[in-house]
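Undergrad: Let me begin by handing over the structure; questions about it come next.
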Amino acid sequence: MEYNNDGEDFSKNSTMISLSFFVIIDITKNSASNNSINSWRDGKMNMDNTALSGIVFNIQRYSIHDGTGIRTLVFMKGCPLRCRWCSNPEGLSNEIQVLNEPEKCIGCQACTKACPENAIHANPGFPINRKKCINCGMCAKYCPTGAKNICGELKKVDEVVALIERDRPFYTHSNGGVTMGGGEILAQPAFVYKVLKCCRELKINTAIETSGHGSLKWLLQIANQCDVIHYDIKVIKPDVHKNLTGIDNAVILDNLIKLDKYLSTMASPPLLILRLPVVDGYNASKAFIRDAAEFIKGNLCNYHLIELLPFHNFGEQKYHKLDMKYELAGQPNTNPEDLIDLAAILSELNLPVRIARW
Ligand code: SF4
Ligand code: SF4
């Protein structure tokens, strides 16, 4: 996949393939839906369109992470980065995908009969040949046990906003709200912008998580609709960043500096929280923390907090369901207390720091 800084080259062809089954009613029956799909895919700024659609792979209720209070987390599909430690592999592809859980399989063969590509082997667990699979979803439709399951769903803005709003009583009593993440929100920026804007109009607290790799124009537009921005800094050195995430960090750091400046111009800017994932064997080093501190002190002045995120391996099972290799197999979770020395480096430089807990 190729992305430019306007976020406009978002695997257009593969999207059409992956959506061919799931949204065929929306796409073919009326031109309004057709326009929605095209707007989403092309990243056009259609600010007033609540019929705009995006691919969401999870809406998690009652979370106490990623912002204040009780929150609803909306996970968007598609990410330009390939962080080796990613805990949401189902958010990487911008396509709707099929998950396979062999332990749920009863061997009924419904999936092999339904598959138009002969991509499912009649072996124990009925594995999917991912090279042949076109993610049409027929196997999941006919699987009686959920062993074959769909990951990702095209949803309209107003559908997602309604799902967020149903938990308003919890937000009210806990100072909670909605947090949009992924995947990468900047991979579907028009949709994310519109959901957040609607939530704001409903007086729901709004937060995002972003890698910062995407269109600056959209990042600033989205910032206008946020109460809190969680912005990742994974590595400072460009070559190391490229090695660990698949891309260098020029756009990410440049966008962060410009976002920080933009916040200075806002009457009520969102809280900017810088997040540093810390992973043993990759970036859990004093050198990285010192690099990050130097960058932050030299370039930013509108951040509220730096959070160190200890590594966890909760995503490992999801790699298996997608037949993807998990590079950190066997690596134990990092104890948050193990990051105290790294946090001390930041606090000794008078930088506000907190160690997050999972
Ligand atoms: S999604 Fe399922 S039915 Fe469709 S091609 Fe892939 S394996 Fe076959
Ligand atoms: S349809 Fe589901 S339960 Fe039946 S063989 Fe396929 S994966 Fe197994």
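By convention here, the chains of the structure tokens are called A, B, ... in the order presented, each chain's residues are numbered starting at 1, and ligands are numbered starting at 1 in the order presented.
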Hey, what's within 6 Å of range 331-342 of chain A if we count only C-alpha atoms and toss same-chain stuff fewer than 6 positions away? As a list in words, please?
TA: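 Close residues of range 331-342 of chain A: Pro310, Phe311, His312 and Asn313 of chain A.
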Undergrad: Taking only C-alpha atoms and all ligand atoms into account, which residues have an atom no farther than 12 Å from ligand 2? I'd like them as a CSV table (one decimal) with N, CA and C atoms, in the first residue's frame.
TA:
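Generated file (result26.csv):
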```csv
chain,number,residue,atom,x,y,z
A,98,VAL,N,-11.6,-12.2,6.9
A,98,VAL,CA,-12.2,-13.3,7.6
A,98,VAL,C,-11.2,-13.8,8.6
A,99,LEU,N,-11.7,-14.0,9.8
A,99,LEU,CA,-10.9,-14.6,10.9
A,99,LEU,C,-11.2,-16.1,11.0
A,100,ASN,N,-10.2,-16.9,11.3
A,100,ASN,CA,-10.4,-18.4,11.4
A,100,ASN,C,-10.0,-18.9,12.8
A,101,GLU,N,-11.0,-19.5,13.4
A,101,GLU,CA,-10.7,-20.1,14.8
A,101,GLU,C,-10.9,-21.6,14.7
A,102,PRO,N,-9.9,-22.4,14.4
A,102,PRO,CA,-10.1,-23.8,14.1
A,102,PRO,C,-10.7,-24.6,15.3
A,103,GLU,N,-10.4,-24.1,16.5
A,103,GLU,CA,-10.9,-24.8,17.7
A,103,GLU,C,-12.4,-24.7,17.8
A,104,LYS,N,-13.1,-23.8,17.1
A,104,LYS,CA,-14.5,-23.8,17.1
A,104,LYS,C,-15.1,-24.6,15.9
A,105,CYS,N,-14.3,-25.2,15.1
A,105,CYS,CA,-14.8,-25.9,13.9
A,105,CYS,C,-15.3,-27.3,14.2
A,106,ILE,N,-16.5,-27.6,13.7
A,106,ILE,CA,-17.1,-28.9,13.9
A,106,ILE,C,-17.1,-29.8,12.6
A,107,GLY,N,-16.4,-29.3,11.6
A,107,GLY,CA,-16.2,-30.1,10.4
A,107,GLY,C,-17.4,-30.3,9.5
A,108,CYS,N,-18.3,-29.3,9.5
A,108,CYS,CA,-19.6,-29.5,8.8
A,108,CYS,C,-19.4,-29.3,7.3
A,109,GLN,N,-18.3,-28.7,6.9
A,109,GLN,CA,-17.9,-28.4,5.5
A,109,GLN,C,-18.8,-27.3,4.8
A,110,ALA,N,-19.6,-26.6,5.6
A,110,ALA,CA,-20.4,-25.6,5.0
A,110,ALA,C,-19.5,-24.5,4.3
A,111,CYS,N,-18.4,-24.2,4.9
A,111,CYS,CA,-17.5,-23.2,4.4
A,111,CYS,C,-16.9,-23.6,3.1
A,112,THR,N,-16.5,-24.8,2.9
A,112,THR,CA,-15.8,-25.2,1.7
A,112,THR,C,-16.8,-25.2,0.6
A,113,LYS,N,-18.1,-25.5,0.9
A,113,LYS,CA,-19.1,-25.5,-0.2
A,113,LYS,C,-19.5,-24.1,-0.6
A,114,ALA,N,-19.4,-23.2,0.4
A,114,ALA,CA,-19.8,-21.8,0.1
A,114,ALA,C,-18.7,-21.0,-0.6
A,115,CYS,N,-17.5,-21.4,-0.4
A,115,CYS,CA,-16.3,-20.6,-0.9
A,115,CYS,C,-16.3,-20.6,-2.4
A,119,ALA,N,-10.9,-21.8,-1.6
A,119,ALA,CA,-9.8,-21.4,-0.8
A,119,ALA,C,-9.7,-22.1,0.5
A,120,ILE,N,-10.7,-23.0,0.8
A,120,ILE,CA,-10.7,-23.6,2.1
A,120,ILE,C,-10.5,-25.1,2.0
A,121,HIS,N,-9.4,-25.5,2.7
A,121,HIS,CA,-9.0,-26.9,2.6
A,121,HIS,C,-9.9,-27.8,3.6
A,122,ALA,N,-10.3,-29.0,3.1
A,122,ALA,CA,-11.1,-29.9,4.0
A,122,ALA,C,-10.1,-30.7,4.9
A,123,ASN,N,-9.3,-29.9,5.6
A,123,ASN,CA,-8.4,-30.5,6.6
A,123,ASN,C,-8.9,-30.1,8.0
A,124,PRO,N,-8.4,-30.8,9.1
A,124,PRO,CA,-8.9,-30.4,10.4
A,124,PRO,C,-8.7,-28.8,10.6
A,125,GLY,N,-9.8,-28.2,11.1
A,125,GLY,CA,-9.8,-26.8,11.3
A,125,GLY,C,-10.2,-26.0,10.1
A,126,PHE,N,-10.3,-26.7,8.9
A,126,PHE,CA,-10.6,-26.1,7.7
A,126,PHE,C,-9.9,-24.7,7.4
A,127,PRO,N,-8.6,-24.8,7.3
A,127,PRO,CA,-7.8,-23.6,7.1
A,127,PRO,C,-8.1,-22.9,5.8
A,128,ILE,N,-7.8,-21.6,5.8
A,128,ILE,CA,-8.0,-20.8,4.6
A,128,ILE,C,-6.7,-20.6,3.8
A,137,GLY,N,-16.5,-13.3,2.4
A,137,GLY,CA,-17.3,-13.5,3.6
A,137,GLY,C,-18.3,-14.6,3.5
A,138,MET,N,-18.3,-15.3,2.4
A,138,MET,CA,-19.4,-16.4,2.2
A,138,MET,C,-19.1,-17.5,3.3
A,139,CYS,N,-17.9,-17.8,3.6
A,139,CYS,CA,-17.7,-18.9,4.5
A,139,CYS,C,-18.2,-18.5,5.9
A,140,ALA,N,-18.0,-17.2,6.3
A,140,ALA,CA,-18.5,-16.8,7.6
A,140,ALA,C,-20.0,-16.8,7.6
A,141,LYS,N,-20.6,-16.4,6.5
A,141,LYS,CA,-22.0,-16.4,6.4
A,141,LYS,C,-22.7,-17.7,6.7
A,142,TYR,N,-22.0,-18.8,6.2
A,142,TYR,CA,-22.6,-20.1,6.4
A,142,TYR,C,-22.0,-20.9,7.5
A,143,CYS,N,-21.0,-20.5,8.1
A,143,CYS,CA,-20.4,-21.2,9.2
A,143,CYS,C,-21.3,-21.2,10.4
A,144,PRO,N,-21.7,-22.3,11.0
A,144,PRO,CA,-22.7,-22.3,12.0
A,144,PRO,C,-22.1,-22.0,13.4
A,145,THR,N,-20.8,-22.1,13.5
A,145,THR,CA,-20.2,-22.0,14.9
A,145,THR,C,-19.4,-20.7,15.1
A,146,GLY,N,-19.2,-19.9,14.1
A,146,GLY,CA,-18.4,-18.7,14.2
A,146,GLY,C,-16.9,-19.0,14.1
A,147,ALA,N,-16.6,-20.2,13.7
A,147,ALA,CA,-15.2,-20.5,13.4
A,147,ALA,C,-14.6,-19.7,12.3
A,148,LYS,N,-15.4,-19.4,11.3
A,148,LYS,CA,-15.1,-18.4,10.3
A,148,LYS,C,-15.9,-17.2,10.6
A,149,ASN,N,-15.3,-16.1,10.8
A,149,ASN,CA,-15.9,-14.9,11.3
A,149,ASN,C,-15.4,-13.6,10.5
A,321,LYS,N,-5.6,-16.0,14.3
A,321,LYS,CA,-6.9,-16.0,13.6
A,321,LYS,C,-6.8,-15.5,12.2
```
Undergrad: At most 6 Å is the cut-off: for each residue in range 57-171 of chain A with any atom that close to an atom of range 180-195 of chain A, write down the nearest atom pair and the distance in Å rounded to one decimal, counting only C-alpha atoms, chain first then increasing number, as a tab-separated table.
TA:
```
residue	atom	partner	partner_atom	distance
A:Leu73	CA	A:Met180	CA	5.8
A:Val74	CA	A:Met180	CA	4.7
A:Phe75	CA	A:Gly182	CA	4.2
A:Met76	CA	A:Gly182	CA	4.4
A:Lys77	CA	A:Gly183	CA	5.0
A:Gly78	CA	A:Gly183	CA	5.0
A:Cys79	CA	A:Glu184	CA	4.8
A:Gly91	CA	A:Gly183	CA	4.2
A:Leu92	CA	A:Gly183	CA	5.5
A:Val157	CA	A:Val195	CA	5.6
```
Undergrad: Could you check the closest approach to ligand 1 for each of A:Gln225, A:Asn129, A:Asn299, A:Ser285 and tell me which residue wins, using only C-alpha atoms and all ligand atoms?
TA: A:Asn129
Undergrad: Rank nothing, just name the residue among A:Gln97, A:Asn88, A:Thr265, A:Ser63 nearest to ligand 1, using only C-alpha atoms and all ligand atoms.
TA: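 That would be A:Gln97, the residue with the smallest distance to ligand 1.
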Undergrad: Please run DSSP on the backbone and report, as a PyMOL selection string, all residues within range 140-266 of chain A that come out as strand (DSSP E or B).
TA: chain A and resi 148-151+153-156+177-182+205-210+228-232
Undergrad: Using only N, CA and C atoms, please write the residues we just selected to a file, as a short mmCIF file (atom, residue, chain, number, x, y, z; two decimals), in the first residue's frame.
TA:
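The resulting file, selection_2.cif, is reproduced below:
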```
data_model
loop_
_atom_site.label_atom_id
_atom_site.label_comp_id
_atom_site.auth_asym_id
_atom_site.auth_seq_id
_atom_site.Cartn_x
_atom_site.Cartn_y
_atom_site.Cartn_z
N LYS A 148 -15.44 -19.39 11.34
CA LYS A 148 -15.09 -18.40 10.31
C LYS A 148 -15.92 -17.16 10.65
N ASN A 149 -15.25 -16.06 10.78
CA ASN A 149 -15.93 -14.86 11.28
C ASN A 149 -15.44 -13.63 10.52
N ILE A 150 -16.30 -12.65 10.42
CA ILE A 150 -15.96 -11.42 9.69
C ILE A 150 -15.30 -10.42 10.64
N CYS A 151 -14.26 -9.79 10.16
CA CYS A 151 -13.62 -8.71 10.92
C CYS A 151 -13.70 -7.44 10.08
N GLU A 153 -16.60 -3.95 9.38
CA GLU A 153 -17.97 -3.73 8.90
C GLU A 153 -18.08 -2.29 8.43
N LEU A 154 -18.71 -2.13 7.29
CA LEU A 154 -18.93 -0.77 6.79
C LEU A 154 -20.10 -0.16 7.55
N LYS A 155 -19.85 0.97 8.19
CA LYS A 155 -20.90 1.60 8.98
C LYS A 155 -21.01 3.08 8.61
N LYS A 156 -22.22 3.57 8.68
CA LYS A 156 -22.45 4.99 8.42
C LYS A 156 -22.18 5.79 9.68
N GLY A 177 -16.45 9.27 27.58
CA GLY A 177 -16.81 9.70 26.23
C GLY A 177 -16.38 8.68 25.20
N VAL A 178 -16.05 9.16 24.02
CA VAL A 178 -15.66 8.27 22.93
C VAL A 178 -14.18 8.48 22.60
N THR A 179 -13.50 7.38 22.27
CA THR A 179 -12.13 7.46 21.75
C THR A 179 -12.08 6.70 20.44
N MET A 180 -11.60 7.37 19.40
CA MET A 180 -11.46 6.71 18.10
C MET A 180 -9.99 6.37 17.85
N GLY A 181 -9.75 5.12 17.50
CA GLY A 181 -8.39 4.66 17.22
C GLY A 181 -8.43 3.63 16.12
N GLY A 182 -7.48 2.71 16.14
CA GLY A 182 -7.49 1.73 15.06
C GLY A 182 -6.51 0.60 15.29
N ASN A 205 -17.67 13.82 25.25
CA ASN A 205 -16.22 14.02 25.28
C ASN A 205 -15.56 13.17 24.19
N THR A 206 -14.62 13.77 23.45
CA THR A 206 -14.03 13.09 22.29
C THR A 206 -12.52 12.98 22.42
N ALA A 207 -12.00 11.81 22.04
CA ALA A 207 -10.55 11.60 22.06
C ALA A 207 -10.15 10.77 20.84
N ILE A 208 -8.91 10.91 20.44
CA ILE A 208 -8.37 10.06 19.36
C ILE A 208 -7.03 9.49 19.79
N GLU A 209 -6.68 8.40 19.13
CA GLU A 209 -5.32 7.86 19.19
C GLU A 209 -4.80 7.89 17.76
N THR A 210 -3.59 8.38 17.56
CA THR A 210 -3.06 8.42 16.19
C THR A 210 -1.56 8.19 16.18
N VAL A 228 -9.21 15.36 23.64
CA VAL A 228 -7.90 14.75 23.96
C VAL A 228 -7.32 14.13 22.69
N ILE A 229 -6.02 14.34 22.49
CA ILE A 229 -5.31 13.68 21.38
C ILE A 229 -4.18 12.84 21.98
N HIS A 230 -4.22 11.54 21.71
CA HIS A 230 -3.09 10.67 22.07
C HIS A 230 -2.25 10.49 20.81
N TYR A 231 -1.00 10.93 20.87
CA TYR A 231 -0.14 10.92 19.67
C TYR A 231 1.09 10.08 19.97
N ASP A 232 1.31 9.05 19.17
CA ASP A 232 2.42 8.12 19.43
C ASP A 232 3.76 8.67 18.96
#
```
Undergrad: Do you have the CA of His213 in chain A-CA of Leu244 in chain A distance handy?
TA: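 We find that CA of His213 in chain A and CA of Leu244 in chain A lie 14.7 Å from each other.
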Undergrad: In Å, with one decimal, what is the gap from CA of Glu165 in chain A to CA of Glu201 in chain A?
TA: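 Calculated distance between CA of Glu165 in chain A and CA of Glu201 in chain A is 11.4 Å.
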Undergrad: Report, in Å with one decimal, the straight-line distance from CA of Leu219 in chain A to CA of Leu256 in chain A.
TA: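 CA of Leu256 in chain A lies 9.5 Å from CA of Leu219 in chain A.
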Undergrad: Could you write out, as number ranges by chain, all the residues of range 142-198 of chain A that DSSP marks as alpha helix (DSSP H)?
TA: A: 142, 157-165, 168-174, 189-198
Undergrad: Just checking: using only C-alpha atoms and all ligand atoms, which residue out of A:Asp167, A:Glu117, A:Glu90, A:Glu307 ends up closest to ligand 1?
TA: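 Answer, going by the shortest atom-to-atom distance: A:Glu117.
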Undergrad: Please determine, counting only C-alpha atoms, which residue among A:Ser87, A:Gly330, A:Leu274, A:Tyr282 has the shortest atom-to-atom distance to Val240 in chain A.
TA: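 Among the listed residues, A:Tyr282 lies closest to Val240 in chain A.
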Undergrad: So, counting only C-alpha atoms, which residue among A:Lys203, A:Arg61, A:Ile96, A:Leu308 is closest to Thr172 in chain A?
TA: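 Nearest candidate to Thr172 in chain A out of A:Lys203, A:Arg61, A:Ile96, A:Leu308: A:Lys203.
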Undergrad: My list of candidates is A:Ala250, A:Ile164, A:Ile233, A:Met324. Which is closest to Asn283 in chain A when distances are computed with only C-alpha atoms?
TA: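 Smallest separation from Asn283 in chain A among the options: A:Ile233.
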